[in-house]
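The file my_file_8.cif comes next; it holds mmCIF, C-alpha atoms.
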```
data_final
#
loop_
_atom_site.label_atom_id
_atom_site.label_comp_id
_atom_site.auth_asym_id
_atom_site.auth_seq_id
_atom_site.Cartn_x
_atom_site.Cartn_y
_atom_site.Cartn_z
CA MET A 15 83.75 32.54 -31.76
CA PRO A 16 81.61 29.83 -30.08
CA GLU A 17 82.56 26.28 -31.03
CA LYS A 18 80.11 24.22 -33.08
CA ILE A 19 79.05 20.73 -32.03
CA LEU A 20 77.06 18.22 -34.09
CA LEU A 21 75.01 15.67 -32.09
CA VAL A 22 74.03 12.46 -33.88
CA ASP A 23 71.46 10.06 -32.41
CA ASP A 24 68.18 8.47 -33.50
CA GLU A 25 66.66 9.11 -30.03
CA GLN A 26 64.98 12.49 -30.36
CA ASP A 27 64.40 12.96 -26.61
CA LEU A 28 68.10 12.43 -25.88
CA LEU A 29 69.05 14.83 -28.67
CA SER A 30 66.83 17.54 -27.18
CA VAL A 31 68.27 17.11 -23.69
CA LEU A 32 71.89 17.13 -24.87
CA LYS A 33 71.31 20.07 -27.21
CA ARG A 34 69.90 22.19 -24.37
CA SER A 35 72.65 21.12 -21.98
CA LEU A 36 75.56 21.84 -24.33
CA GLY A 37 73.89 25.02 -25.55
CA ARG A 38 73.94 26.34 -21.99
CA GLN A 39 77.72 25.82 -22.04
CA GLY A 40 78.00 28.40 -24.82
CA TYR A 41 78.30 26.04 -27.79
CA VAL A 42 76.41 26.28 -31.06
CA VAL A 43 74.74 22.86 -31.19
CA HIS A 44 73.21 21.19 -34.23
CA ALA A 45 71.45 17.83 -34.22
CA ALA A 46 71.15 15.00 -36.75
CA SER A 47 68.91 11.95 -36.30
CA SER A 48 70.91 9.60 -38.54
CA GLY A 49 74.40 9.01 -39.90
CA GLN A 50 73.29 10.17 -43.37
CA ASP A 51 71.87 13.40 -41.96
CA ALA A 52 75.12 13.95 -40.04
CA TRP A 53 77.20 13.42 -43.18
CA GLN A 54 74.99 15.89 -45.04
CA ALA A 55 75.43 18.42 -42.23
CA LEU A 56 79.21 17.98 -42.38
CA THR A 57 79.20 18.95 -46.06
CA GLU A 58 77.43 22.20 -45.21
CA THR A 59 79.03 23.32 -41.92
CA ALA A 60 82.49 23.11 -40.39
CA TYR A 61 82.22 21.66 -36.85
CA ASP A 62 84.62 21.58 -33.90
CA LEU A 63 83.27 18.33 -32.44
CA ILE A 64 81.04 15.42 -33.43
CA VAL A 65 79.17 13.47 -30.71
CA SER A 66 77.60 10.38 -32.28
CA ASP A 67 75.68 7.38 -31.06
CA LEU A 68 77.23 4.07 -32.02
CA ALA A 69 74.10 1.98 -32.72
CA MET A 70 72.08 3.58 -35.53
CA ASP A 71 70.32 2.09 -38.54
CA SER A 72 71.70 2.43 -42.06
CA MET A 73 74.92 4.29 -41.18
CA ASN A 74 76.09 3.62 -37.63
CA GLY A 75 78.56 5.66 -35.61
CA LEU A 76 81.53 3.56 -36.70
CA GLU A 77 80.72 4.00 -40.38
CA LEU A 78 80.20 7.73 -39.87
CA LEU A 79 83.60 7.94 -38.15
CA LYS A 80 85.28 6.22 -41.11
CA GLN A 81 83.61 8.69 -43.50
CA ILE A 82 84.73 11.65 -41.41
CA ARG A 83 88.31 10.45 -41.39
CA THR A 84 88.37 10.47 -45.21
CA ILE A 85 87.96 14.25 -45.18
CA ASP A 86 89.32 15.41 -41.83
CA ALA A 87 91.98 13.70 -39.72
CA ALA A 88 91.83 16.19 -36.85
CA LEU A 89 88.09 16.63 -36.18
CA PRO A 90 87.42 15.11 -32.71
CA VAL A 91 84.64 12.52 -32.49
CA ILE A 92 83.07 11.22 -29.26
CA ILE A 93 81.14 7.94 -29.50
CA MET A 94 78.08 7.32 -27.28
CA THR A 95 77.53 3.64 -26.65
CA GLY A 96 75.42 1.22 -24.64
CA ALA A 97 76.96 -0.97 -21.95
CA GLY A 98 76.99 -3.99 -24.27
CA SER A 99 78.98 -2.30 -27.03
CA ILE A 100 82.20 -1.44 -25.22
CA GLU A 101 84.35 -3.59 -27.53
CA THR A 102 82.99 -1.80 -30.58
CA ALA A 103 83.60 1.55 -28.88
CA VAL A 104 87.22 0.55 -28.29
CA GLU A 105 87.43 -0.29 -32.01
CA ALA A 106 86.20 3.25 -32.68
CA ILE A 107 89.10 4.61 -30.61
CA LYS A 108 91.50 2.61 -32.78
CA LEU A 109 89.90 4.18 -35.87
CA GLY A 110 90.53 7.67 -34.56
CA ALA A 111 87.68 8.58 -32.22
CA TYR A 112 88.74 10.89 -29.38
CA HIS A 113 86.86 8.94 -26.71
CA TYR A 114 83.62 7.13 -25.91
CA ILE A 115 81.00 7.62 -23.21
CA THR A 116 78.68 4.89 -21.97
CA LYS A 117 74.93 5.44 -21.66
CA PRO A 118 73.38 6.41 -19.37
CA PHE A 119 75.60 9.34 -18.43
CA LYS A 120 75.23 12.71 -16.77
CA THR A 121 75.14 15.76 -19.03
CA GLN A 122 77.98 17.26 -16.98
CA GLU A 123 80.16 14.27 -17.90
CA LEU A 124 79.57 14.86 -21.60
CA ALA A 125 80.17 18.61 -21.22
CA LEU A 126 83.54 17.96 -19.57
CA LEU A 127 84.52 15.38 -22.20
CA ALA A 128 83.37 17.71 -25.00
CA ARG A 129 85.55 20.54 -23.70
CA ARG A 130 88.59 18.28 -23.57
CA ALA A 131 87.90 16.91 -27.05
CA ILE A 132 87.54 20.37 -28.57
CA GLU A 133 90.75 21.55 -26.94
CA HIS A 134 92.48 18.39 -28.20
CA GLY A 135 91.28 19.10 -31.74
CA GLN A 136 92.39 22.72 -31.56
CA LEU A 137 95.80 21.69 -30.23
CA HIS A 138 96.13 19.09 -33.00
CA ARG A 139 95.40 21.71 -35.67
CA LYS A 140 97.84 24.15 -34.07
CA LEU A 141 100.49 21.44 -34.11
CA GLU A 142 99.83 20.73 -37.79
CA THR A 143 100.10 24.44 -38.53
CA PHE A 144 103.28 24.76 -36.50
CA GLN A 145 104.91 21.81 -38.26
CA ALA A 146 103.93 23.16 -41.66
CA GLN A 147 105.36 26.57 -40.78
CA GLN A 148 108.54 24.99 -39.43
CA ALA A 149 108.99 23.10 -42.70
CA ALA A 150 108.52 26.29 -44.71
CA ASP A 151 110.45 28.51 -42.31
CA GLU A 152 114.06 27.43 -42.72
CA ASN A 153 115.08 30.87 -43.92
CA ASP A 154 113.41 32.63 -41.01
CA ALA A 155 116.57 32.19 -38.94
CA MET A 156 118.55 34.14 -41.53
CA VAL A 157 120.14 37.28 -40.17
CA ILE A 158 118.45 40.56 -41.06
CA GLY A 159 121.80 42.14 -41.82
CA ASN A 160 123.38 45.54 -41.37
CA ASN A 161 121.87 47.43 -44.29
CA VAL A 162 120.70 50.88 -43.20
CA MET A 163 117.35 50.68 -45.00
CA VAL A 164 116.57 47.27 -43.54
CA GLN A 165 117.55 48.42 -40.05
CA GLN A 166 115.15 51.35 -40.47
CA MET A 167 112.44 48.83 -41.41
CA MET A 168 113.15 46.86 -38.25
CA THR A 169 112.93 50.02 -36.16
CA THR A 170 109.51 50.77 -37.65
CA ILE A 171 108.39 47.19 -37.03
CA ASP A 172 109.40 47.47 -33.37
CA LYS A 173 107.46 50.72 -33.01
CA VAL A 174 104.20 49.29 -34.38
CA SER A 175 104.53 45.77 -32.95
CA GLY A 176 101.95 46.44 -30.25
CA SER A 177 99.31 47.69 -32.69
CA ASP A 178 97.04 45.93 -35.17
CA ALA A 179 97.77 48.44 -37.94
CA PRO A 180 97.83 46.79 -41.40
CA ILE A 181 101.31 46.74 -42.95
CA LEU A 182 102.15 46.65 -46.66
CA ILE A 183 105.61 45.35 -47.60
CA GLN A 184 106.75 46.31 -51.09
CA GLY A 185 109.79 44.92 -52.83
CA GLU A 186 111.00 42.88 -55.76
CA THR A 187 110.39 39.16 -56.02
CA GLY A 188 112.78 37.18 -53.85
CA THR A 189 113.73 39.97 -51.44
CA GLY A 190 112.35 38.17 -48.38
CA LYS A 191 108.96 39.85 -47.90
CA SER A 192 107.38 36.75 -46.40
CA MET A 193 110.25 36.44 -43.91
CA PHE A 194 109.67 39.98 -42.72
CA ALA A 195 105.93 39.33 -42.44
CA LYS A 196 106.70 36.45 -40.07
CA ARG A 197 109.05 38.69 -38.10
CA ILE A 198 106.26 41.25 -37.74
CA HIS A 199 103.86 38.58 -36.49
CA LYS A 200 106.38 37.21 -33.99
CA ALA A 201 107.03 40.71 -32.64
CA SER A 202 103.31 41.41 -32.20
CA SER A 203 100.90 40.75 -29.36
CA ARG A 204 99.39 38.01 -31.59
CA ALA A 205 102.60 35.97 -31.70
CA ASP A 206 101.02 32.96 -29.96
CA LYS A 207 98.08 32.91 -32.38
CA PRO A 208 97.91 31.50 -35.93
CA PHE A 209 99.88 32.96 -38.83
CA PHE A 210 98.58 32.04 -42.27
CA THR A 211 100.00 32.92 -45.68
CA ILE A 212 98.10 32.92 -48.94
CA ASP A 213 99.57 33.69 -52.37
CA CYS A 214 96.99 35.87 -54.11
CA GLY A 215 98.64 35.34 -57.48
CA ALA A 216 98.71 31.54 -57.40
CA LEU A 217 94.96 30.77 -57.33
CA THR A 218 91.95 31.46 -59.50
CA GLN A 219 89.41 33.95 -58.17
CA ASN A 220 86.99 31.23 -56.96
CA LEU A 221 89.67 29.22 -55.21
CA LEU A 222 91.27 32.32 -53.68
CA GLU A 223 87.95 33.53 -52.27
CA SER A 224 87.25 30.03 -50.96
CA GLU A 225 90.65 29.97 -49.21
CA LEU A 226 90.12 33.42 -47.72
CA PHE A 227 86.42 33.43 -46.84
CA GLY A 228 85.46 29.74 -46.88
CA HIS A 229 82.48 28.36 -48.78
CA VAL A 230 79.21 26.54 -48.31
CA LYS A 231 78.34 23.30 -50.04
CA GLY A 232 77.57 23.79 -53.73
CA ALA A 233 79.03 27.30 -53.88
CA PHE A 234 80.94 26.28 -57.01
CA THR A 235 81.89 23.15 -58.92
CA GLY A 236 83.78 20.82 -56.60
CA ALA A 237 82.48 22.39 -53.37
CA VAL A 238 81.12 19.10 -52.01
CA ARG A 239 81.26 20.21 -48.38
CA ALA A 240 81.44 23.40 -46.34
CA LYS A 241 84.91 24.76 -45.64
CA ARG A 242 86.23 27.37 -43.22
CA GLY A 243 88.30 30.14 -44.76
CA LEU A 244 91.74 31.18 -43.51
CA LEU A 245 90.31 34.47 -42.21
CA GLU A 246 88.12 32.46 -39.85
CA GLU A 247 90.83 29.89 -39.02
CA ALA A 248 93.25 32.71 -38.13
CA GLN A 249 91.02 34.11 -35.36
CA GLY A 250 93.16 36.23 -33.05
CA GLY A 251 96.19 35.86 -35.31
CA THR A 252 97.64 37.25 -38.51
CA ILE A 253 96.86 36.73 -42.19
CA PHE A 254 99.62 37.47 -44.71
CA LEU A 255 98.37 38.23 -48.22
CA ASP A 256 101.32 37.78 -50.57
CA GLU A 257 101.22 39.39 -54.04
CA ILE A 258 98.17 41.43 -53.05
CA GLY A 259 98.41 43.32 -56.34
CA GLU A 260 97.06 40.27 -58.19
CA LEU A 261 93.59 40.45 -56.58
CA SER A 262 90.64 40.70 -58.96
CA PRO A 263 88.33 43.74 -58.58
CA THR A 264 85.58 41.52 -57.09
CA THR A 265 87.89 40.03 -54.48
CA GLN A 266 89.24 43.49 -53.66
CA VAL A 267 85.71 44.61 -52.75
CA LYS A 268 85.18 41.59 -50.49
CA LEU A 269 88.54 42.03 -48.79
CA LEU A 270 87.87 45.73 -48.19
CA ARG A 271 84.60 44.83 -46.48
CA ALA A 272 86.36 42.23 -44.33
CA ILE A 273 88.92 44.80 -43.16
CA GLN A 274 86.37 47.56 -42.53
CA GLU A 275 83.54 45.51 -40.99
CA HIS A 276 85.63 42.78 -39.32
CA GLU A 277 83.34 40.15 -40.77
CA ILE A 278 83.14 37.87 -43.79
CA LYS A 279 80.58 35.83 -45.67
CA PRO A 280 81.56 32.40 -47.01
CA VAL A 281 81.32 32.02 -50.78
CA GLY A 282 77.71 31.12 -51.54
CA GLY A 283 76.57 31.91 -47.99
CA ASN A 284 74.55 34.74 -46.47
CA THR A 285 75.42 34.44 -42.78
CA PRO A 286 78.18 36.88 -41.71
CA ILE A 287 81.03 35.58 -39.55
CA SER A 288 82.93 37.92 -37.23
CA ILE A 289 86.71 37.86 -37.57
CA ASP A 290 89.58 39.18 -35.47
CA VAL A 291 92.76 39.14 -37.54
CA ARG A 292 95.65 41.44 -38.37
CA PHE A 293 96.31 42.03 -42.06
CA LEU A 294 99.81 42.00 -43.49
CA SER A 295 100.29 42.17 -47.24
CA ALA A 296 103.09 42.25 -49.76
CA THR A 297 103.55 42.97 -53.44
CA SER A 298 106.28 43.11 -56.05
CA ARG A 299 104.16 45.52 -58.10
CA ASN A 300 103.90 49.29 -57.78
CA LEU A 301 100.45 49.56 -56.18
CA GLU A 302 100.41 53.34 -56.40
CA LYS A 303 100.59 53.06 -60.18
CA GLY A 304 97.91 50.38 -59.98
CA VAL A 305 95.70 52.85 -58.12
CA GLU A 306 96.36 55.55 -60.73
CA SER A 307 95.48 53.17 -63.57
CA GLY A 308 92.33 51.93 -61.81
CA GLU A 309 93.57 48.33 -61.48
CA PHE A 310 93.68 48.53 -57.69
CA ARG A 311 91.13 50.19 -55.43
CA LYS A 312 92.38 53.36 -53.79
CA ASP A 313 90.35 52.76 -50.60
CA LEU A 314 91.75 49.22 -50.25
CA TYR A 315 95.29 50.46 -50.85
CA TYR A 316 95.03 52.98 -48.02
CA ARG A 317 93.50 50.34 -45.73
CA LEU A 318 96.38 47.96 -46.39
CA ALA A 319 99.20 50.53 -46.39
CA VAL A 320 98.63 52.16 -43.00
CA ILE A 321 102.29 51.28 -42.39
CA PRO A 322 104.11 51.04 -45.76
CA LEU A 323 107.52 49.35 -45.82
CA HIS A 324 109.95 49.02 -48.72
CA LEU A 325 112.38 46.11 -48.79
CA PRO A 326 115.44 46.97 -50.91
CA PRO A 327 116.73 44.50 -53.54
CA LEU A 328 119.87 42.48 -52.91
CA ARG A 329 121.95 44.61 -55.31
CA GLU A 330 121.34 47.53 -52.91
CA ARG A 331 122.36 45.39 -49.93
CA GLN A 332 125.92 44.49 -50.91
CA ASP A 333 126.96 45.02 -47.30
CA ASP A 334 124.75 42.03 -46.36
CA LEU A 335 125.60 39.76 -49.27
CA MET A 336 128.31 37.81 -47.47
CA LEU A 337 126.09 37.33 -44.41
CA PHE A 338 123.52 35.61 -46.62
CA VAL A 339 126.20 33.60 -48.43
CA ASP A 340 127.62 32.35 -45.12
CA HIS A 341 124.13 31.45 -43.86
CA PHE A 342 123.27 29.47 -47.00
CA ILE A 343 126.62 27.66 -47.07
CA ARG A 344 126.09 26.48 -43.48
CA LYS A 345 122.46 25.60 -44.13
CA PHE A 346 123.06 23.47 -47.23
CA SER A 347 126.33 21.97 -45.99
CA SER A 348 124.40 20.64 -43.01
CA ARG A 349 121.49 19.45 -45.16
CA TYR A 350 123.69 17.58 -47.64
CA ASN A 351 126.30 16.43 -45.12
CA LYS A 352 129.13 18.46 -46.65
CA SER A 353 132.12 20.12 -44.95
CA ILE A 354 132.25 23.34 -46.94
CA THR A 355 133.64 26.31 -45.04
CA GLU A 356 134.60 29.02 -47.55
CA MET A 357 134.54 30.39 -51.08
CA ALA A 358 137.40 31.06 -53.45
CA PRO A 359 138.20 34.78 -54.06
CA SER A 360 137.11 34.47 -57.71
CA ALA A 361 133.77 33.02 -56.61
CA LEU A 362 133.29 35.85 -54.10
CA GLN A 363 134.02 38.40 -56.77
CA ALA A 364 131.49 36.77 -59.10
CA LEU A 365 128.82 36.91 -56.40
CA GLN A 366 129.56 40.57 -55.66
CA GLU A 367 129.34 41.55 -59.32
CA SER A 368 126.17 39.64 -60.11
CA PRO A 369 123.03 41.77 -60.72
CA TRP A 370 120.87 39.34 -58.68
CA LYS A 371 117.62 39.89 -60.55
CA GLY A 372 116.07 37.13 -58.42
CA ASN A 373 117.46 38.66 -55.23
CA ILE A 374 117.91 36.51 -52.09
CA ARG A 375 115.91 33.63 -53.54
CA GLU A 376 118.23 33.47 -56.55
CA LEU A 377 121.28 33.65 -54.28
CA GLU A 378 119.93 30.77 -52.20
CA ASN A 379 119.45 28.62 -55.31
CA VAL A 380 122.97 29.43 -56.54
CA ILE A 381 124.57 28.50 -53.21
CA GLU A 382 122.53 25.31 -52.87
CA ARG A 383 123.67 24.21 -56.33
CA ALA A 384 127.27 25.14 -55.55
CA VAL A 385 127.25 23.15 -52.32
CA LEU A 386 125.87 20.11 -54.13
CA LEU A 387 128.54 20.31 -56.85
CA THR A 388 131.51 21.01 -54.56
CA ASP A 389 133.56 18.12 -53.19
CA SER A 390 136.23 20.21 -51.42
CA PRO A 391 135.94 22.60 -48.43
CA THR A 392 136.06 25.58 -50.82
CA ILE A 393 133.44 26.62 -53.36
CA GLY A 394 135.07 27.62 -56.63
CA LEU A 395 133.82 29.81 -59.45
CA ASP A 396 133.11 26.78 -61.64
CA SER A 397 130.51 25.53 -59.12
CA LEU A 398 128.43 28.72 -59.18
CA PHE A 399 127.20 28.47 -62.77
CA ILE A 400 126.29 32.16 -62.88
CA SER A 401 128.61 33.19 -65.72
CA VAL A 402 125.85 33.00 -68.32
CA SER A 403 122.72 33.92 -66.40
CA ALA A 404 124.17 36.59 -64.14
CA PHE A 405 127.11 38.01 -66.02
CA GLY A 406 125.15 38.02 -69.27
CA ALA A 407 122.94 40.72 -67.81
CA ALA A 408 125.95 42.50 -66.34
CA GLU A 409 127.81 42.45 -69.67
CA GLN A 410 124.74 43.74 -71.46
CA GLU A 411 124.61 46.58 -68.96
CA LEU A 412 128.30 47.34 -69.54
CA ASN A 413 127.71 47.58 -73.30
CA GLN A 414 125.22 50.39 -72.80
CA PRO A 415 126.52 53.96 -73.21
CA VAL A 416 127.44 55.52 -69.84
CA SER A 417 129.12 58.70 -68.76
CA LEU A 418 132.83 58.65 -67.97
CA LYS A 419 132.05 59.54 -64.36
CA LYS A 420 129.69 56.56 -64.04
CA ALA A 421 132.25 54.21 -65.57
CA VAL A 422 134.91 55.39 -63.12
CA GLU A 423 132.53 54.94 -60.18
CA LYS A 424 131.73 51.35 -61.23
CA ALA A 425 135.41 50.56 -61.64
CA GLU A 426 136.23 52.01 -58.21
CA ILE A 427 133.39 50.11 -56.53
CA ARG A 428 134.56 46.86 -58.12
CA ALA A 429 138.18 47.48 -57.09
CA ILE A 430 137.20 48.37 -53.50
CA ARG A 431 135.07 45.24 -53.13
CA GLN A 432 137.86 43.05 -54.50
CA ALA A 433 140.40 44.62 -52.14
CA LEU A 434 138.12 44.26 -49.10
CA ALA A 435 137.46 40.61 -49.97
CA ALA A 436 141.19 39.91 -50.41
CA ALA A 437 141.96 41.68 -47.11
CA ASP A 438 139.18 39.88 -45.17
CA ASP A 439 137.47 43.26 -44.64
CA ASN A 440 140.58 44.77 -43.01
CA ARG A 441 140.30 48.32 -44.33
CA SER A 442 143.91 49.26 -43.65
CA LYS A 443 145.12 46.28 -45.71
CA ALA A 444 142.56 47.02 -48.41
CA ALA A 445 143.77 50.65 -48.66
CA HIS A 446 147.36 49.39 -48.97
CA LEU A 447 146.34 46.99 -51.78
CA LEU A 448 144.56 49.82 -53.58
CA GLY A 449 147.48 52.18 -53.17
CA ILE A 450 145.41 54.87 -51.44
CA GLY A 451 145.24 56.28 -47.93
CA ARG A 452 142.97 54.75 -45.32
CA ARG A 453 141.03 58.00 -44.94
CA THR A 454 140.46 58.09 -48.70
CA LEU A 455 139.14 54.53 -48.61
CA TYR A 456 136.75 55.40 -45.78
CA ASP A 457 135.44 58.38 -47.74
CA LYS A 458 134.84 56.28 -50.84
CA ILE A 459 133.09 53.55 -48.84
CA ASP A 460 130.74 56.18 -47.43
CA ALA A 461 130.25 57.86 -50.79
CA TYR A 462 129.34 54.61 -52.53
CA ASN A 463 127.28 53.35 -49.57
CA LEU A 464 129.38 50.19 -49.29
#
```
Output the structure of this file as C-alpha cells.
Amino acid sequence: MPEKILLVDDEQDLLSVLKRSLGRQGYVVHAASSGQDAWQALTETAYDLIVSDLAMDSMNGLELLKQIRTIDAALPVIIMTGAGSIETAVEAIKLGAYHYITKPFKTQELALLARRAIEHGQLHRKLETFQAQQAADENDAMVIGNNVMVQQMMTTIDKVSGSDAPILIQGETGTGKSMFAKRIHKASSRADKPFFTIDCGALTQNLLESELFGHVKGAFTGAVRAKRGLLEEAQGGTIFLDEIGELSPTTQVKLLRAIQEHEIKPVGGNTPISIDVRFLSATSRNLEKGVESGEFRKDLYYRLAVIPLHLPPLRERQDDLMLFVDHFIRKFSSRYNKSITEMAPSALQALQESPWKGNIRELENVIERAVLLTDSPTIGLDSLFISVSAFGAAEQELNQPVSLKKAVEKAEIRAIRQALAAADDNRSKAAHLLGIGRRTLYDKIDAYNL
C-alpha cells in the first residue's frame, strides 16, 4: 500500500512542485492550501505524513500541529519554515513535530526527510502495538502442556505454519484460544508483521465494522474524522477475530467479501482498499449448529474453517492442570512479591476435583486470589475459596442418578489422583498407597486417560 502524504501551504506553485516530486516517489499526495483545509482533510483521510508550512494565515503550522496532537500522537509532521523562523520551528519540534526543513530546499531533501519521517511513524506505531501486546500477553509464556489433543493441535499448527490458510479455533470460554492464535501467528511467515485481535461479541455492529474496515467522516454518529480499520492496519500480518459466532448477518457478508476479494470498503466509503492479511478466528459456540439454524453463513464458515482446531476444556486436561497451577503460582508470587512455593495436599485435591466451568481463565483467577490471601510458603484449601462455586456444581452432579459402573470409575479416578499427588507422581509409591500392583495402576491410568 502506498503511503499517503498531506502537503499544507498557501503557495500554490510550491504545492504543485512538491506534489509532483513526491508523487514520483510512489506516494499518494494530497494538498491543502490552509490549516483549516488540512484539518478538514485529516477528518476524512488517514495519512502517514503531514508536511506543513509554518507561516499561514488563520491557522498556522504550529496551531495545526497542536490540533493534530489532540487526535494522533504518532502521526509524523514536518514543518517547512523560512530562514527567519528557526526559533519557532524549534518550538514545533518541542511540541512533537518530527523535523523542520528551511526554505528554499531541494525536492530531494524533502523526499529523503519524508521517507525517514514515515519510517519513524511506522516504527512508533509498531512499538505501541508491541507494548500493548506485551501487556496483554503475560499468559503467552504458559506451557502448552502434555495433553494428547493439544499436542495434536500443535502438530497441525506446525504443518500449516507456512501457509496463509484461515484457521478456526473452537473451544469453551477460557480455554486459551487467543493464546493459541498468537502461537499460530508467531509460527507463521508473518511473525514479524502486526497481529491484531478484535472481540466480535464486545462491540455493536457499527463500532465493530468501523474497527474492522475503518470509516469515513460522517459515516455514523460520532465519526468526526476518517479512521483506518484493523484489516488495513494489519497489512502483511494476522487478524484474530475472537467470538466470530457473534457477527451480525450484515457484517458476515462484508467479512466474506474481504476474505474472498482481499479488499475492503470503509464504512460510508466507496473506494476499495486492497488488504493482505491472514484470518484466524475463534468461537465458544457450535458454528456448525449455527449454520444449520441459518444464524451463520455456510460460505463464511467454510472460508474461516479451512483448518478447524478444537481446544479441549480444562476438565479434559487434568494431566496439564498442575503445570498451569505451577505457572500461575510463580507468576503471581513474582507480581505480588510473595515467596509461595507449593500447595497443601487438600488444596491440590480440591483443584483436581473442581469442574472448572471457566477453564484456564477461572483457574488463573483462583490462583491469583489464593496467592494474595496466603502469607505462608504454602497455599492452603482455605485460600482457594472454591468450595461453594466449584464444589457446588460438583455436588449437584454427584446427586444426579448414575450407573454403578460410572460411580466406581469416578471413585477410582479420584483415588488415583489423590495417590499420585501424595506420592509426587511416583507411580510405584502411588500403587503401594492404593494397595494395587504397579501394572494395574498403569492400566487404569491409560484406561481413564490420566
**Report entry** Residues matched by the PyMOL selection byres ((chain A and resi 167) around 12) as JSON, numbers by chain
**Finding:** {"A": [158, 159, 160, 161, 162, 163, 164, 165, 166, 168, 169, 170, 171, 172, 173, 174, 175, 181, 182, 183, 184, 191, 194, 195, 197, 198, 321, 322, 323, 324, 325, 326]}
Please list as an mmCIF file with C-alpha atoms, keeping the file's coordinate frame every residue within 9 Å of region 380-388 of chain A, counting all atoms listed in the file and excluding residues in the same chain fewer than 4 positions away.
```
data_model
loop_
_atom_site.group_PDB
_atom_site.id
_atom_site.type_symbol
_atom_site.label_atom_id
_atom_site.label_comp_id
_atom_site.auth_asym_id
_atom_site.auth_seq_id
_atom_site.Cartn_x
_atom_site.Cartn_y
_atom_site.Cartn_z
ATOM 1 C CA VAL A 339 126.200 33.600 -48.430
ATOM 2 C CA PHE A 342 123.270 29.470 -47.000
ATOM 3 C CA ILE A 343 126.620 27.660 -47.070
ATOM 4 C CA LYS A 345 122.460 25.600 -44.130
ATOM 5 C CA PHE A 346 123.060 23.470 -47.230
ATOM 6 C CA SER A 347 126.330 21.970 -45.990
ATOM 7 C CA TYR A 350 123.690 17.580 -47.640
ATOM 8 C CA LYS A 352 129.130 18.460 -46.650
ATOM 9 C CA ILE A 354 132.250 23.340 -46.940
ATOM 10 C CA ARG A 375 115.910 33.630 -53.540
ATOM 11 C CA GLU A 376 118.230 33.470 -56.550
ATOM 12 C CA THR A 392 136.060 25.580 -50.820
ATOM 13 C CA ILE A 393 133.440 26.620 -53.360
ATOM 14 C CA GLY A 394 135.070 27.620 -56.630
ATOM 15 C CA LEU A 395 133.820 29.810 -59.450
ATOM 16 C CA ASP A 396 133.110 26.780 -61.640
ATOM 17 C CA SER A 397 130.510 25.530 -59.120
ATOM 18 C CA LEU A 398 128.430 28.720 -59.180
ATOM 19 C CA PHE A 399 127.200 28.470 -62.770
ATOM 20 C CA ILE A 400 126.290 32.160 -62.880
#
```
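Reported to one decimal place, the separation of CA of Leu245 (chain A) from CA of Trp53 (chain A) is 24.8 Å.
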Contacts of region 58-60 of chain A at 12 Å (all atoms listed in the file; same-chain gap of 2+ positions) as a PDB file with C-alpha atoms, in the coordinates of the input:
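Wrote it out as part-v2.pdb, contents follow:
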```
ATOM      1  CA  GLU A  17      82.560  26.280 -31.030  1.00  0.00           C
ATOM      2  CA  LYS A  18      80.110  24.220 -33.080  1.00  0.00           C
ATOM      3  CA  ILE A  19      79.050  20.730 -32.030  1.00  0.00           C
ATOM      4  CA  LEU A  20      77.060  18.220 -34.090  1.00  0.00           C
ATOM      5  CA  VAL A  42      76.410  26.280 -31.060  1.00  0.00           C
ATOM      6  CA  VAL A  43      74.740  22.860 -31.190  1.00  0.00           C
ATOM      7  CA  HIS A  44      73.210  21.190 -34.230  1.00  0.00           C
ATOM      8  CA  ASP A  51      71.870  13.400 -41.960  1.00  0.00           C
ATOM      9  CA  ALA A  52      75.120  13.950 -40.040  1.00  0.00           C
ATOM     10  CA  TRP A  53      77.200  13.420 -43.180  1.00  0.00           C
ATOM     11  CA  GLN A  54      74.990  15.890 -45.040  1.00  0.00           C
ATOM     12  CA  ALA A  55      75.430  18.420 -42.230  1.00  0.00           C
ATOM     13  CA  LEU A  56      79.210  17.980 -42.380  1.00  0.00           C
ATOM     14  CA  ASP A  62      84.620  21.580 -33.900  1.00  0.00           C
ATOM     15  CA  LEU A  63      83.270  18.330 -32.440  1.00  0.00           C
ATOM     16  CA  ILE A  64      81.040  15.420 -33.430  1.00  0.00           C
ATOM     17  CA  ILE A  82      84.730  11.650 -41.410  1.00  0.00           C
ATOM     18  CA  ILE A  85      87.960  14.250 -45.180  1.00  0.00           C
ATOM     19  CA  ASP A  86      89.320  15.410 -41.830  1.00  0.00           C
ATOM     20  CA  LEU A  89      88.090  16.630 -36.180  1.00  0.00           C
ATOM     21  CA  GLY A 228      85.460  29.740 -46.880  1.00  0.00           C
ATOM     22  CA  HIS A 229      82.480  28.360 -48.780  1.00  0.00           C
ATOM     23  CA  VAL A 230      79.210  26.540 -48.310  1.00  0.00           C
ATOM     24  CA  LYS A 231      78.340  23.300 -50.040  1.00  0.00           C
ATOM     25  CA  GLY A 232      77.570  23.790 -53.730  1.00  0.00           C
ATOM     26  CA  ALA A 233      79.030  27.300 -53.880  1.00  0.00           C
ATOM     27  CA  ALA A 237      82.480  22.390 -53.370  1.00  0.00           C
ATOM     28  CA  VAL A 238      81.120  19.100 -52.010  1.00  0.00           C
ATOM     29  CA  ARG A 239      81.260  20.210 -48.380  1.00  0.00           C
ATOM     30  CA  ALA A 240      81.440  23.400 -46.340  1.00  0.00           C
ATOM     31  CA  LYS A 241      84.910  24.760 -45.640  1.00  0.00           C
ATOM     32  CA  ARG A 242      86.230  27.370 -43.220  1.00  0.00           C
ATOM     33  CA  GLY A 243      88.300  30.140 -44.760  1.00  0.00           C
ATOM     34  CA  GLU A 246      88.120  32.460 -39.850  1.00  0.00           C
ATOM     35  CA  GLU A 247      90.830  29.890 -39.020  1.00  0.00           C
ATOM     36  CA  PRO A 280      81.560  32.400 -47.010  1.00  0.00           C
ATOM     37  CA  VAL A 281      81.320  32.020 -50.780  1.00  0.00           C
ATOM     38  CA  GLY A 282      77.710  31.120 -51.540  1.00  0.00           C
ATOM     39  CA  GLY A 283      76.570  31.910 -47.990  1.00  0.00           C
ATOM     40  CA  THR A 285      75.420  34.440 -42.780  1.00  0.00           C
TER      41      THR A 285
END
```
Query raised in the report: Which of these, A:Gly176, A:Gly96, A:Ile107, A:Phe209, has the shortest distance to Lys140 (chain A) once you count all atoms listed in the file?
Result: A:Phe209
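The gap separating CA of Asp256 (chain A) from CA of Thr211 (chain A) is 7.0 Å, in Å to one decimal.
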